[in-house]
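Dumped input-v4.txt below, it's compact mmCIF, C-alpha atoms:
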# COMPACT_ATOMS: atom_id res chain seq x y z
CA MET T 1 -96.26 48.55 -86.44
CA ASN T 2 -94.44 49.76 -83.32
CA ILE T 3 -94.05 46.19 -82.15
CA VAL T 4 -92.66 45.16 -85.54
CA ASN T 5 -90.18 48.07 -85.47
CA SER T 6 -89.10 47.11 -81.96
CA ILE T 7 -88.58 43.51 -82.96
CA ILE T 8 -86.54 44.57 -85.98
CA LYS T 9 -84.41 46.92 -83.88
CA PHE T 10 -83.88 44.28 -81.22
CA GLY T 11 -83.00 41.69 -83.86
CA VAL T 12 -80.45 43.98 -85.50
CA LEU T 13 -78.92 44.79 -82.11
CA ALA T 14 -78.70 41.09 -81.23
CA VAL T 15 -76.97 40.29 -84.53
CA ILE T 16 -74.49 43.16 -84.06
CA ILE T 17 -73.65 41.96 -80.56
CA LEU T 18 -73.19 38.40 -81.85
CA ILE T 19 -70.89 39.60 -84.64
CA LEU T 20 -68.82 41.65 -82.18
CA ALA T 21 -68.60 38.69 -79.82
CA VAL T 22 -67.37 36.38 -82.56
CA LEU T 23 -64.87 38.97 -83.82
CA GLY T 24 -63.73 39.63 -80.28
CA TYR T 25 -63.07 35.96 -79.71
CA ALA T 26 -61.25 35.69 -83.02
CA LEU T 27 -59.04 38.70 -82.23
CA PHE T 28 -58.52 38.48 -78.50
CA GLY T 29 -59.56 34.98 -77.55
CA ASP T 30 -57.16 32.56 -76.00
CA ARG T 31 -55.07 31.48 -78.95
CA ASP T 32 -52.27 29.88 -76.99
CA LEU T 33 -51.73 26.88 -79.18
CA THR T 34 -49.71 24.94 -76.67
CA LYS T 35 -51.49 25.35 -73.36
CA THR T 36 -53.37 22.13 -73.82
CA SER T 37 -52.39 19.44 -76.22
CA PRO T 38 -54.62 17.52 -78.59
CA LEU T 39 -52.27 14.61 -77.90
CA ILE T 40 -53.44 14.22 -74.32
CA GLY T 41 -55.20 10.90 -73.99
CA LYS T 42 -53.54 9.59 -77.16
CA GLU T 43 -50.53 7.41 -77.72
CA ALA T 44 -47.28 9.35 -77.52
CA PRO T 45 -45.48 9.80 -80.85
CA GLY T 46 -42.67 7.35 -81.30
CA PHE T 47 -39.16 8.66 -80.76
CA THR T 48 -35.51 7.68 -80.56
CA ILE T 49 -33.29 9.75 -78.31
CA LYS T 50 -29.53 9.74 -78.63
CA LEU T 51 -28.31 10.06 -75.07
CA TYR T 52 -25.25 12.07 -74.13
CA ASP T 53 -23.57 8.92 -72.82
CA GLY T 54 -23.66 7.57 -76.38
CA LYS T 55 -26.55 5.12 -75.95
CA ARG T 56 -29.93 5.31 -77.65
CA ILE T 57 -33.34 4.90 -76.13
CA THR T 58 -36.64 4.43 -77.93
CA SER T 59 -40.24 4.99 -76.91
CA GLU T 60 -40.91 1.29 -77.39
CA GLU T 61 -38.31 0.36 -74.78
CA LEU T 62 -40.02 2.68 -72.30
CA LYS T 63 -43.38 0.91 -72.46
CA GLY T 64 -44.23 -0.54 -69.09
CA LYS T 65 -42.76 2.46 -67.29
CA THR T 66 -44.15 5.87 -66.43
CA VAL T 67 -42.19 8.53 -68.29
CA LEU T 68 -41.56 12.17 -67.51
CA LEU T 69 -40.35 13.68 -70.79
CA ASN T 70 -38.90 17.14 -70.24
CA PHE T 71 -37.87 19.47 -73.07
CA TRP T 72 -35.17 22.04 -72.25
CA ALA T 73 -32.50 24.31 -73.68
CA SER T 74 -29.32 25.76 -72.18
CA TRP T 75 -30.45 29.33 -72.87
CA CYS T 76 -33.77 28.77 -71.09
CA THR T 77 -33.90 30.47 -67.68
CA PRO T 78 -37.09 28.73 -66.42
CA CYS T 79 -35.38 25.43 -67.28
CA ARG T 80 -32.70 26.30 -64.73
CA GLN T 81 -35.40 27.19 -62.21
CA GLU T 82 -37.04 23.79 -62.46
CA ALA T 83 -33.80 21.76 -62.52
CA PRO T 84 -33.52 21.30 -58.71
CA ALA T 85 -37.16 20.16 -58.46
CA LEU T 86 -36.63 17.67 -61.26
CA GLU T 87 -33.54 16.19 -59.67
CA GLU T 88 -35.18 15.98 -56.27
CA ALA T 89 -38.21 14.24 -57.77
CA TRP T 90 -35.96 11.88 -59.73
CA GLN T 91 -34.29 10.75 -56.53
CA LYS T 92 -37.69 9.92 -55.10
CA TYR T 93 -39.15 8.08 -58.13
CA LYS T 94 -36.16 6.42 -59.74
CA ASP T 95 -36.81 3.06 -58.04
CA MET T 96 -40.50 3.03 -58.90
CA ASP T 97 -40.61 2.02 -62.59
CA VAL T 98 -40.45 5.68 -63.54
CA VAL T 99 -38.10 7.19 -66.13
CA PHE T 100 -37.10 10.85 -66.33
CA LEU T 101 -35.81 11.80 -69.75
CA GLY T 102 -34.50 15.24 -70.63
CA VAL T 103 -34.56 16.26 -74.30
CA ASN T 104 -32.38 19.14 -75.40
CA VAL T 105 -33.79 21.21 -78.27
CA TRP T 106 -32.74 24.26 -80.30
CA ASP T 107 -29.28 24.24 -78.82
CA ASP T 108 -25.64 23.49 -79.59
CA ASN T 109 -23.70 20.65 -78.07
CA GLU T 110 -21.15 22.72 -76.17
CA ASN T 111 -23.74 24.83 -74.37
CA ALA T 112 -25.92 21.80 -73.70
CA MET T 113 -23.02 19.91 -72.10
CA ALA T 114 -22.13 22.92 -69.95
CA TYR T 115 -25.77 23.22 -68.85
CA MET T 116 -25.96 19.54 -67.97
CA LYS T 117 -22.87 19.67 -65.81
CA LYS T 118 -24.47 22.39 -63.72
CA PHE T 119 -28.22 21.62 -63.92
CA GLY T 120 -28.60 18.19 -65.50
CA GLY T 121 -28.87 16.05 -62.41
CA GLU T 122 -28.48 12.30 -62.57
CA TYR T 123 -31.23 11.27 -64.94
CA PRO T 124 -30.54 10.76 -68.65
CA HIS T 125 -30.57 13.52 -71.25
CA GLY T 126 -30.22 13.45 -75.00
CA ILE T 127 -31.28 14.84 -78.35
CA ASP T 128 -33.38 13.71 -81.29
CA PRO T 129 -30.89 13.33 -84.14
CA GLU T 130 -33.74 13.88 -86.63
CA GLU T 131 -34.82 17.07 -84.81
CA GLU T 132 -38.45 16.10 -85.16
CA ILE T 133 -39.46 15.15 -81.64
CA GLN T 134 -40.27 18.71 -80.62
CA VAL T 135 -42.80 19.13 -83.44
CA ASN T 136 -44.03 15.54 -83.10
CA PHE T 137 -44.99 16.34 -79.54
CA GLY T 138 -46.40 19.75 -80.49
CA ILE T 139 -44.21 21.79 -78.18
CA GLY T 140 -44.25 25.56 -78.44
CA GLY T 141 -41.28 26.44 -76.27
CA VAL T 142 -39.21 25.33 -73.33
CA PRO T 143 -39.57 24.07 -70.70
CA GLU T 144 -42.44 21.76 -71.57
CA THR T 145 -43.04 18.41 -69.91
CA TYR T 146 -45.11 15.42 -70.90
CA PHE T 147 -46.29 12.73 -68.51
CA ILE T 148 -46.64 9.38 -70.27
CA ASP T 149 -48.14 6.32 -68.64
CA GLU T 150 -46.88 2.76 -68.86
CA THR T 151 -49.07 2.00 -71.89
CA GLY T 152 -47.41 4.82 -73.82
CA LYS T 153 -50.36 7.19 -73.57
CA ILE T 154 -49.84 10.89 -72.88
CA ARG T 155 -51.75 11.65 -69.71
CA ASP T 156 -50.78 15.28 -69.13
CA LYS T 157 -48.70 18.14 -70.44
CA TYR T 158 -47.27 21.01 -68.44
CA ASN T 159 -45.90 24.27 -69.87
CA GLY T 160 -43.41 26.24 -67.85
CA PRO T 161 -41.06 25.53 -64.94
CA LEU T 162 -42.03 22.60 -62.76
CA THR T 163 -42.09 22.60 -59.00
CA ARG T 164 -41.85 19.59 -56.76
CA GLU T 165 -45.60 19.73 -56.08
CA ILE T 166 -46.49 19.90 -59.77
CA ILE T 167 -44.23 16.96 -60.59
CA ASP T 168 -45.72 14.88 -57.77
CA TYR T 169 -49.26 15.71 -58.87
CA TYR T 170 -48.87 14.82 -62.54
CA LEU T 171 -46.58 11.87 -62.00
CA GLU T 172 -48.94 10.30 -59.46
CA ARG T 173 -51.75 10.74 -62.00
CA ALA T 174 -49.73 9.12 -64.77
CA MET T 175 -48.82 6.21 -62.51
CA LYS T 176 -52.47 5.41 -61.83
CA PRO T 177 -54.74 3.66 -64.34
CA GLU T 178 -56.63 6.15 -66.49
CA GLU T 179 -60.06 5.26 -65.05
CA GLN T 180 -58.94 6.37 -61.61
CA THR T 181 -57.99 9.86 -62.73
CA SER T 182 -60.86 10.80 -65.07
CA MET O 1 -57.38 34.87 -143.46
CA THR O 2 -57.19 31.38 -144.87
CA LEU O 3 -54.74 28.53 -144.69
CA PHE O 4 -54.46 25.98 -147.43
CA GLY O 5 -57.28 27.76 -149.20
CA THR O 6 -60.17 27.03 -146.82
CA LYS O 7 -61.60 28.98 -143.90
CA LYS O 8 -62.85 25.75 -142.29
CA TYR O 9 -59.39 24.25 -142.17
CA THR O 10 -57.99 27.52 -140.85
CA GLY O 11 -60.47 27.48 -137.98
CA PHE O 12 -59.61 23.90 -137.15
CA VAL O 13 -55.88 24.61 -137.02
CA ILE O 14 -56.33 27.69 -134.85
CA THR O 15 -58.61 25.79 -132.45
CA ALA O 16 -56.19 22.88 -132.21
CA PHE O 17 -53.30 25.27 -131.58
CA LEU O 18 -55.13 27.13 -128.82
CA THR O 19 -56.20 23.85 -127.18
CA LEU O 20 -52.61 22.68 -127.19
CA ILE O 21 -51.46 25.90 -125.53
CA LEU O 22 -54.18 25.64 -122.85
CA PHE O 23 -53.31 22.04 -121.97
CA SER O 24 -49.61 22.87 -121.82
CA ALA O 25 -50.29 25.82 -119.50
CA SER O 26 -52.35 23.68 -117.14
CA ALA O 27 -49.70 20.98 -117.20
CA PHE O 28 -47.05 23.54 -116.17
CA ALA O 29 -49.33 24.89 -113.44
CA ALA O 30 -49.82 21.38 -111.99
CA GLU O 31 -46.07 20.86 -111.68
CA LYS O 32 -45.38 22.87 -108.51
CA SER O 33 -41.91 22.57 -107.06
CA ILE O 34 -41.39 21.20 -103.55
CA ASP O 35 -40.26 24.68 -102.50
CA ASP O 36 -43.52 26.18 -103.71
CA ARG O 37 -45.54 23.52 -101.92
CA VAL O 38 -43.55 24.01 -98.71
CA ASN O 39 -44.27 27.73 -98.84
CA GLU O 40 -47.90 27.15 -99.67
CA ILE O 41 -48.40 24.86 -96.68
CA ALA O 42 -46.28 27.06 -94.42
CA TYR O 43 -48.52 30.03 -95.19
CA HIS O 44 -51.50 27.95 -94.06
CA LEU O 45 -49.94 27.32 -90.64
CA MET O 46 -49.59 29.83 -87.81
CA CYS O 47 -46.31 29.85 -85.91
CA PRO O 48 -47.18 28.60 -82.37
CA VAL O 49 -44.66 30.88 -80.68
CA CYS O 50 -45.04 34.03 -82.76
CA GLN O 51 -47.58 36.81 -82.70
CA GLY O 52 -49.67 36.57 -85.81
CA GLN O 53 -46.95 35.21 -88.07
CA SER O 54 -47.31 32.24 -90.32
CA VAL O 55 -44.74 29.50 -90.37
CA ALA O 56 -43.62 30.84 -93.75
CA GLU O 57 -42.91 34.28 -92.29
CA SER O 58 -41.33 33.34 -88.97
CA ASN O 59 -37.63 32.82 -88.30
CA SER O 60 -38.16 31.10 -84.96
CA ASN O 61 -36.49 27.75 -84.29
CA LEU O 62 -39.85 26.06 -84.14
CA ALA O 63 -40.98 27.53 -87.47
CA ASN O 64 -37.71 26.36 -89.03
CA ASP O 65 -38.32 22.85 -87.67
CA MET O 66 -41.87 22.89 -88.99
CA ARG O 67 -40.74 23.90 -92.48
CA MET O 68 -38.15 21.15 -92.41
CA ILE O 69 -40.80 18.60 -91.48
CA ILE O 70 -43.14 19.90 -94.19
CA ARG O 71 -40.41 19.44 -96.77
CA LYS O 72 -39.55 15.96 -95.51
CA GLN O 73 -43.16 14.81 -95.64
CA LEU O 74 -43.69 16.20 -99.12
CA GLU O 75 -40.56 14.42 -100.30
CA GLU O 76 -42.01 11.23 -98.83
CA GLY O 77 -45.02 11.74 -101.10
CA LYS O 78 -47.56 13.10 -98.65
CA THR O 79 -50.29 15.37 -99.97
CA ASN O 80 -50.72 18.94 -98.78
CA GLN O 81 -53.77 17.94 -96.75
CA GLU O 82 -51.93 15.08 -95.07
CA VAL O 83 -49.17 17.45 -94.02
CA LEU O 84 -51.68 19.96 -92.64
CA ASP O 85 -53.49 17.15 -90.79
CA TYR O 86 -50.18 16.16 -89.18
CA PHE O 87 -49.84 19.58 -87.59
CA VAL O 88 -53.50 19.83 -86.63
CA LYS O 89 -53.17 16.50 -84.82
CA ARG O 90 -50.36 17.94 -82.71
CA TYR O 91 -51.39 21.57 -82.24
CA GLY O 92 -55.13 21.59 -82.81
CA ASP O 93 -57.27 23.42 -85.37
CA SER O 94 -55.99 26.80 -84.23
CA ILE O 95 -52.63 26.12 -85.91
CA LEU O 96 -54.38 26.71 -89.22
CA SER O 97 -54.37 30.27 -90.55
CA SER O 98 -57.94 29.77 -91.85
CA PRO O 99 -60.37 28.14 -89.46
CA PRO O 100 -61.73 24.86 -90.79
CA THR O 101 -65.38 24.87 -91.79
CA LYS O 102 -66.70 22.72 -89.01
CA GLY O 103 -68.56 23.28 -85.77
CA ILE O 104 -68.76 26.85 -84.52
CA ASN O 105 -66.10 27.90 -87.06
CA TRP O 106 -68.88 28.20 -89.64
CA LEU O 107 -69.80 31.42 -87.87
CA LEU O 108 -66.41 32.92 -88.62
CA TRP O 109 -66.92 32.26 -92.31
CA ILE O 110 -70.49 33.50 -92.72
CA MET O 111 -70.48 36.40 -90.25
CA PRO O 112 -68.55 38.86 -92.43
CA GLY O 113 -71.01 38.28 -95.26
CA VAL O 114 -73.96 38.63 -92.91
CA ALA O 115 -72.49 41.81 -91.48
CA VAL O 116 -72.03 43.32 -94.96
CA ALA O 117 -75.55 42.32 -95.98
CA LEU O 118 -77.05 43.83 -92.83
CA GLY O 119 -75.04 46.96 -93.32
CA ALA O 120 -76.30 47.29 -96.89
CA VAL O 121 -79.90 46.80 -95.73
CA GLY O 122 -79.40 49.38 -93.01
CA ILE O 123 -77.99 51.94 -95.43
CA ALA O 124 -80.82 51.27 -97.90
CA LEU O 125 -83.43 51.75 -95.17
CA PHE O 126 -81.76 54.94 -94.02
CA LEU O 127 -81.63 56.36 -97.53
CA HIS O 128 -85.24 55.39 -98.16
CA LYS O 129 -86.48 57.06 -94.99
CA SER O 130 -84.49 60.22 -95.54
CA LYS O 131 -85.77 60.63 -99.11
CA ARG O 132 -88.99 62.82 -99.34
CA PRO O 133 -91.25 63.56 -102.30
CA GLU O 134 -90.47 66.95 -103.99
CA ASP O 135 -93.95 68.51 -103.54
CA GLU O 136 -93.83 67.63 -99.84
CA VAL O 137 -90.53 69.48 -99.61
CA GLU O 138 -91.98 72.49 -101.46
CA PHE O 139 -95.06 72.46 -99.28
CA ILE O 140 -92.91 72.33 -96.12
CA ALA O 141 -90.68 75.05 -97.53
CA ALA O 142 -93.66 77.18 -98.50
CA ALA O 143 -95.69 76.87 -95.29
CA PRO O 144 -93.36 78.65 -92.86
CA GLU O 145 -92.95 81.59 -95.28
CA LYS O 146 -96.70 82.12 -95.54
CA GLU O 147 -97.10 81.76 -91.81
CA SER O 148 -94.34 84.22 -91.07
CA GLU O 149 -95.73 86.69 -93.62
CA ASP O 150 -99.15 86.55 -91.93
CA GLU O 151 -97.62 87.03 -88.56
CA TYR O 152 -95.53 89.88 -89.86
CA LEU O 153 -98.58 91.65 -91.31
CA LYS O 154 -100.40 91.06 -88.07
CA LYS O 155 -97.60 92.72 -86.14
CA VAL O 156 -97.58 95.65 -88.57
CA ASP O 157 -101.34 96.11 -88.05
CA GLU O 158 -100.87 96.06 -84.30
CA GLU O 159 -98.10 98.65 -84.47
CA LEU O 160 -100.12 100.90 -86.75
CA LYS O 161 -103.08 100.81 -84.36
CA LYS O 162 -100.86 102.38 -81.70
CA TYR O 163 -100.59 105.51 -83.84
CA GLU O 164 -104.28 105.83 -84.66
Structure encoded using C-alpha cells:
Amino acid sequence: MNIVNSIIKFGVLAVIILILAVLGYALFGDRDLTKTSPLIGKEAPGFTIKLYDGKRITSEELKGKTVLLNFWASWCTPCRQEAPALEEAWQKYKDMDVVFLGVNVWDDNENAMAYMKKFGGEYPHGIDPEEEIQVNFGIGGVPETYFIDETGKIRDKYNGPLTREIIDYYLERAMKPEEQTS
Amino acid sequence: MTLFGTKKYTGFVITAFLTLILFSASAFAAEKSIDDRVNEIAYHLMCPVCQGQSVAESNSNLANDMRMIIRKQLEEGKTNQEVLDYFVKRYGDSILSSPPTKGINWLLWIMPGVAVALGAVGIALFLHKSKRPEDEVEFIAAAPEKESEDEYLKKVDEELKKYE
C-alpha cells in the first residue's frame, strides 16, 4: 500500500511539473515570431520594386544573381548604424553578380529621400507600390535583411543592424551552392 | 387555437412558418460582410511586433499592412483558412492566436482539462480522507474526557492521602 501511495504521489508530482513546464513555455517561451523565418530554404516571394530613379525591378529579373534584400525606414536608428557597412560591402561585391537592394517601408517619400541622400549609398533603393512585400517576406521590423541565392531561394535572414563581418558571412553562404553550406 | 377550422392544418402552418424563419436566420448568418471576416481573421492572428495583441487590436504599421492584405485576399475570393495559411507560411504557427492541433501543441489543448480533472480528483480524495464516521468522532471526543476524569480523581485521592 505504501508503494502504491508513493507511486501515486510521484505520478501526481510529475504531472504537475509537466503542466507547469508547458504553461511556462507558453507564457515565457521564446515567442519572437521573426527571429527565424519559415521561408528560409524556400523560394523568395515574388516582388516588384519601384526604384527611386523611376525604374522598376522584379524578382524574376534578379534570378541568376545573389541578392541582399535590406528593409529599412528613415526613422530607424539601427538602419543608420548599418548603412556604412552596407555601402562598404556593396563596393566589394558589386562586380560579382551580386545585387544589393534596399526596400523602404512604413515611411513617407520626403523622409525616405532625405535618408537616402545621407545614408543610402550607391546601390539601388525603392518601395513596393502595393505595400505587400514586407508581409510577403514575413518581416517584423526594420532593419531586416534577406540573403537570396541565384536560384531565387532564401538562404538566410538577419534581424537587426548588419556589420561588415555579418554581411560577408551570409553573402558568402548565399553565393555558394546550398549543398556546400548545409 | 385553430385556423381554417382544423387543428391539423393549424399545426402545419405554424411548423412551416417556423421552418421558414429558421432558414432565413441561417441564411443571414452565413452572409458575413468582408469587414466582419477581416476582423474575424485578424483576431486569429497575433501581431508580430506587439506584446500580446492580435492583429485586430494593434495599431502598428505591420498590423495595418496585415489587415489590408487580409481584406485584399478575401476580396479575391480566398477562404478564411487560405488567408490564415498565407500568414503561417511567412511567420510560422506561432502567428496564430490559438495553437494548431498538431505535434506537441496537442499538449496545450489537453493540459488544462487534465489539470482540472486532477485537481477535482485531489479535492475529492482530500474530502474523503478528512471525513470521519460520527461514532468514531464521539468515541474520540469521549475518550479524553473519561481519561482526564480518572486522572483527576486519582490526583484527588493522592492529595487526600496527604491529610490522613
Taking all atoms listed in the file into account and nothing else, which residues of chain O lie no more than 10 Å away from chain T? Please answer as a VMD selection string.
chain O and resid 46 to 51 60 to 63 65 to 66 68 to 69 86 to 95 99 104 to 105 107 to 108 111 to 112 114 to 115 118 to 119 122
Please write the residues from the selection above to a file, keeping C-alpha atoms, as a PDB file, in the frame of the given file.
ATOM      1  CA  MET O  46     -49.590  29.830 -87.810  1.00  0.00           C
ATOM      2  CA  CYS O  47     -46.310  29.850 -85.910  1.00  0.00           C
ATOM      3  CA  PRO O  48     -47.180  28.600 -82.370  1.00  0.00           C
ATOM      4  CA  VAL O  49     -44.660  30.880 -80.680  1.00  0.00           C
ATOM      5  CA  CYS O  50     -45.040  34.030 -82.760  1.00  0.00           C
ATOM      6  CA  GLN O  51     -47.580  36.810 -82.700  1.00  0.00           C
ATOM      7  CA  SER O  60     -38.160  31.100 -84.960  1.00  0.00           C
ATOM      8  CA  ASN O  61     -36.490  27.750 -84.290  1.00  0.00           C
ATOM      9  CA  LEU O  62     -39.850  26.060 -84.140  1.00  0.00           C
ATOM     10  CA  ALA O  63     -40.980  27.530 -87.470  1.00  0.00           C
ATOM     11  CA  ASP O  65     -38.320  22.850 -87.670  1.00  0.00           C
ATOM     12  CA  MET O  66     -41.870  22.890 -88.990  1.00  0.00           C
ATOM     13  CA  MET O  68     -38.150  21.150 -92.410  1.00  0.00           C
ATOM     14  CA  ILE O  69     -40.800  18.600 -91.480  1.00  0.00           C
ATOM     15  CA  TYR O  86     -50.180  16.160 -89.180  1.00  0.00           C
ATOM     16  CA  PHE O  87     -49.840  19.580 -87.590  1.00  0.00           C
ATOM     17  CA  VAL O  88     -53.500  19.830 -86.630  1.00  0.00           C
ATOM     18  CA  LYS O  89     -53.170  16.500 -84.820  1.00  0.00           C
ATOM     19  CA  ARG O  90     -50.360  17.940 -82.710  1.00  0.00           C
ATOM     20  CA  TYR O  91     -51.390  21.570 -82.240  1.00  0.00           C
ATOM     21  CA  GLY O  92     -55.130  21.590 -82.810  1.00  0.00           C
ATOM     22  CA  ASP O  93     -57.270  23.420 -85.370  1.00  0.00           C
ATOM     23  CA  SER O  94     -55.990  26.800 -84.230  1.00  0.00           C
ATOM     24  CA  ILE O  95     -52.630  26.120 -85.910  1.00  0.00           C
ATOM     25  CA  PRO O  99     -60.370  28.140 -89.460  1.00  0.00           C
ATOM     26  CA  ILE O 104     -68.760  26.850 -84.520  1.00  0.00           C
ATOM     27  CA  ASN O 105     -66.100  27.900 -87.060  1.00  0.00           C
ATOM     28  CA  LEU O 107     -69.800  31.420 -87.870  1.00  0.00           C
ATOM     29  CA  LEU O 108     -66.410  32.920 -88.620  1.00  0.00           C
ATOM     30  CA  MET O 111     -70.480  36.400 -90.250  1.00  0.00           C
ATOM     31  CA  PRO O 112     -68.550  38.860 -92.430  1.00  0.00           C
ATOM     32  CA  VAL O 114     -73.960  38.630 -92.910  1.00  0.00           C
ATOM     33  CA  ALA O 115     -72.490  41.810 -91.480  1.00  0.00           C
ATOM     34  CA  LEU O 118     -77.050  43.830 -92.830  1.00  0.00           C
ATOM     35  CA  GLY O 119     -75.040  46.960 -93.320  1.00  0.00           C
ATOM     36  CA  GLY O 122     -79.400  49.380 -93.010  1.00  0.00           C
TER      37      GLY O 122
END
Mind checking which residues fall within 12 Å of Glu165 of chain T, counting all atoms listed in the file, ignoring those fewer than 3 positions away in the same chain, and posting them as an mmCIF file with C-alpha atoms, in the coordinates of the input?
data_model
loop_
_atom_site.group_PDB
_atom_site.id
_atom_site.type_symbol
_atom_site.label_atom_id
_atom_site.label_comp_id
_atom_site.auth_asym_id
_atom_site.auth_seq_id
_atom_site.Cartn_x
_atom_site.Cartn_y
_atom_site.Cartn_z
ATOM 1 C CA GLU T 82 -37.040 23.790 -62.460
ATOM 2 C CA ALA T 85 -37.160 20.160 -58.460
ATOM 3 C CA LEU T 86 -36.630 17.670 -61.260
ATOM 4 C CA GLU T 88 -35.180 15.980 -56.270
ATOM 5 C CA ALA T 89 -38.210 14.240 -57.770
ATOM 6 C CA PRO T 161 -41.060 25.530 -64.940
ATOM 7 C CA LEU T 162 -42.030 22.600 -62.760
ATOM 8 C CA ASP T 168 -45.720 14.880 -57.770
ATOM 9 C CA TYR T 169 -49.260 15.710 -58.870
ATOM 10 C CA TYR T 170 -48.870 14.820 -62.540
ATOM 11 C CA LEU T 171 -46.580 11.870 -62.000
ATOM 12 C CA GLU T 172 -48.940 10.300 -59.460
#
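Atom CA of His128 of chain O lies 16.6 Å from atom CA of Lys9 of chain T.
Considering only C-alpha atoms, the residue among T:Val4, T:His125, T:Lys50, T:Trp72 positioned nearest to Asn159 of chain T is T:Trp72.
Environment of (-44.2, 3.3, -63.8): residues at most 10 Å away, judged by all atoms listed in the file, are Leu62, Lys63, Gly64, Lys65, Thr66, Val67, Leu68, Tyr93, Lys94, Asp95, Met96, Asp97, Val98, Val99, Ile148, Asp149, Glu150, Thr151, Leu171, Glu172, Ala174, Met175 and Lys176 of chain T.
Taking atom CA of Val142 of chain T as the reference point, atom CA of Leu69 of chain T is found at 12.0 Å.
Take the candidates T:Gly152, T:Gly121, T:Gly11, T:Pro129 and check each one against Ala83 of chain T using all atoms listed in the file; the shortest distance goes to T:Gly121.
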Could you name the residues that touch segment 34-45 of chain O at 7 Å or less, counting all atoms listed in the file, but leaving out those on the same chain fewer than 3 positions away, as a PDB file with C-alpha atoms, in the frame of the given file?
ATOM      1  CA  SER O  54     -47.310  32.240 -90.320  1.00  0.00           C
ATOM      2  CA  VAL O  55     -44.740  29.500 -90.370  1.00  0.00           C
ATOM      3  CA  ALA O  56     -43.620  30.840 -93.750  1.00  0.00           C
ATOM      4  CA  ARG O  67     -40.740  23.900 -92.480  1.00  0.00           C
ATOM      5  CA  ILE O  70     -43.140  19.900 -94.190  1.00  0.00           C
ATOM      6  CA  ARG O  71     -40.410  19.440 -96.770  1.00  0.00           C
ATOM      7  CA  ASN O  80     -50.720  18.940 -98.780  1.00  0.00           C
ATOM      8  CA  ILE O  95     -52.630  26.120 -85.910  1.00  0.00           C
ATOM      9  CA  LEU O  96     -54.380  26.710 -89.220  1.00  0.00           C
ATOM     10  CA  SER O  97     -54.370  30.270 -90.550  1.00  0.00           C
TER      11      SER O  97
END
Around (-25.1, 21.9, -74.2), as given in the file, which residues come within 12 Å? Count only C-alpha atoms and list them as an MDAnalysis selection string.
chainID T and resid 52 72:76 103:120 125:127
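Atom CA of Pro177 of chain T lies 27.7 Å from atom CA of Glu122 of chain T.
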Mind giving me the axis-aligned box for segment 56-73 of chain O with 3 Å on every side, centre plus edges in Å to one decimal, as AutoDock Vina command-line options?
--center_x -40.1 --center_y 24.5 --center_z -90.5 --size_x 13.1 --size_y 25.5 --size_z 18.6
